[in-house]
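Asks: Could you have a look at this structure, given as structure tokens, before my questions?
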Amino acid sequence: MSNSEYADKRLKKIRNRIQSACRAAGRDESSVRLIGASKKQNAELVSYFAEHGLTDIGENYLQEAITKQGELADPTLCWHFIGHVQSNKTKTIATHFSWVHGVDRFKIAQRLAAQNPHREPIRLLLQLNIDAEPSKNGVLEPQAPALCAQILELQGIDLRGFMLIPKLRNTEPEKRAVFARARELLERTNQRYGCQLDTLSMGMSADLEAAIAEGSTMVRVGTDLFGERLPNS
Ligand SMILES: *Cc1c(COP(=O)(O)O)cnc(C)c1O
């Protein structure tokens, strides 16, 4: 199978999964955006997926992402930073990405806002530490609404919602329950502050169906789209 056929087949398979999940939830397929999580996948492979219509690319590692952006040089692609944002990297991230999913402190949002060199605001998602895991990044649920209110005041930033990476769960009801909590938190935040946050970046290869059932609007898919990642070098 050629790279092009491979990309076409894998992309169709994921789109079918998204379509079935949307149908089961009574949702329109266009309400879920597919982000190709392409860390440790090379630019050439990604280019075949782009050829077959993948337009949203999510990257975790800044240097790898910038190299890939240069190699792909495709102005139609929309780049999402889905890794953790360190404060000394905000300027580069603001320059190179349309969406930033991994923000969990006001200071980071403030720096991205101040350093955004573009006229367009940066779309930003607050990362939730939904399972309150001490080793994980993200803001805890009780603190999230007030942090949203603070970030909403910033110019140059368009806060759109939440991103989360829950712990692995075995059953469909358990997977759905954690995603439902994120959706409810978004609804409560909108009610409390009169805002219109509309984005839930949740669901990956193993749990995109459960995430879509609970209102996900962006699924970030790596392994089941591109294949196994290259081992750590
Ligand atoms: C790697 C990664 C993904 C994709 O994970 P898969 O299980 O390979 O689909 C999604 N989101 C983030 C933040 C990631 O780091």
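Following the order of the structure tokens, first chain is A, next is B, and so on, with residues numbered from 1 inside each chain and ligands from 1 in the order they appear.
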Please extract the residues at most 12 Å from ligand 1, counting only C-alpha atoms and all ligand atoms, and provide them as a PyMOL selection string, using the chain letters and residue numbers of this document.
Replies: chain A and resi 14+34-41+57-61+80-85+100-103+125+127-128+136-138+163-168+201-208+218-230
Asks: I'd like the neighbourhood of range 106-115 of chain A as a count of residues only, where a residue qualifies if any of its atoms comes within 6 Å (using only C-alpha atoms), though same-chain residues fewer than 3 positions away should be ignored.
Replies: 6
Asks: Give me every helix (DSSP H, G or I) residue in range 77-224 of chain A, going by DSSP on the backbone, as a PyMOL selection string.
Replies: chain A and resi 87-96+106-115+141-152+172-193+208-213+223-224
Asks: Nearest to Glu44 in chain A: which of A:Ala65, A:Asn3, A:Asp158, A:Arg27 is it, counting only C-alpha atoms?
Replies: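 Smallest distance to Glu44 in chain A is found for A:Asn3.
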Asks: Could you find all residues in range 6-49 of chain A that DSSP calls strand (DSSP E or B) from the backbone, and write them as a PyMOL selection string?
Replies: chain A and resi 33-37
Asks: Contacts of Leu159 in chain A at 7 Å or less, counting only C-alpha atoms, minus same-chain residues fewer than 4 places along, as number ranges by chain?
Replies: A: 123-125, 151-152
Asks: Let me make sure I understand: among A:Asp8, A:Glu174, A:Glu71, A:Glu187, which one has the smallest atom-to-atom distance to Gly53 in chain A if we use only C-alpha atoms?
Replies: A:Asp8
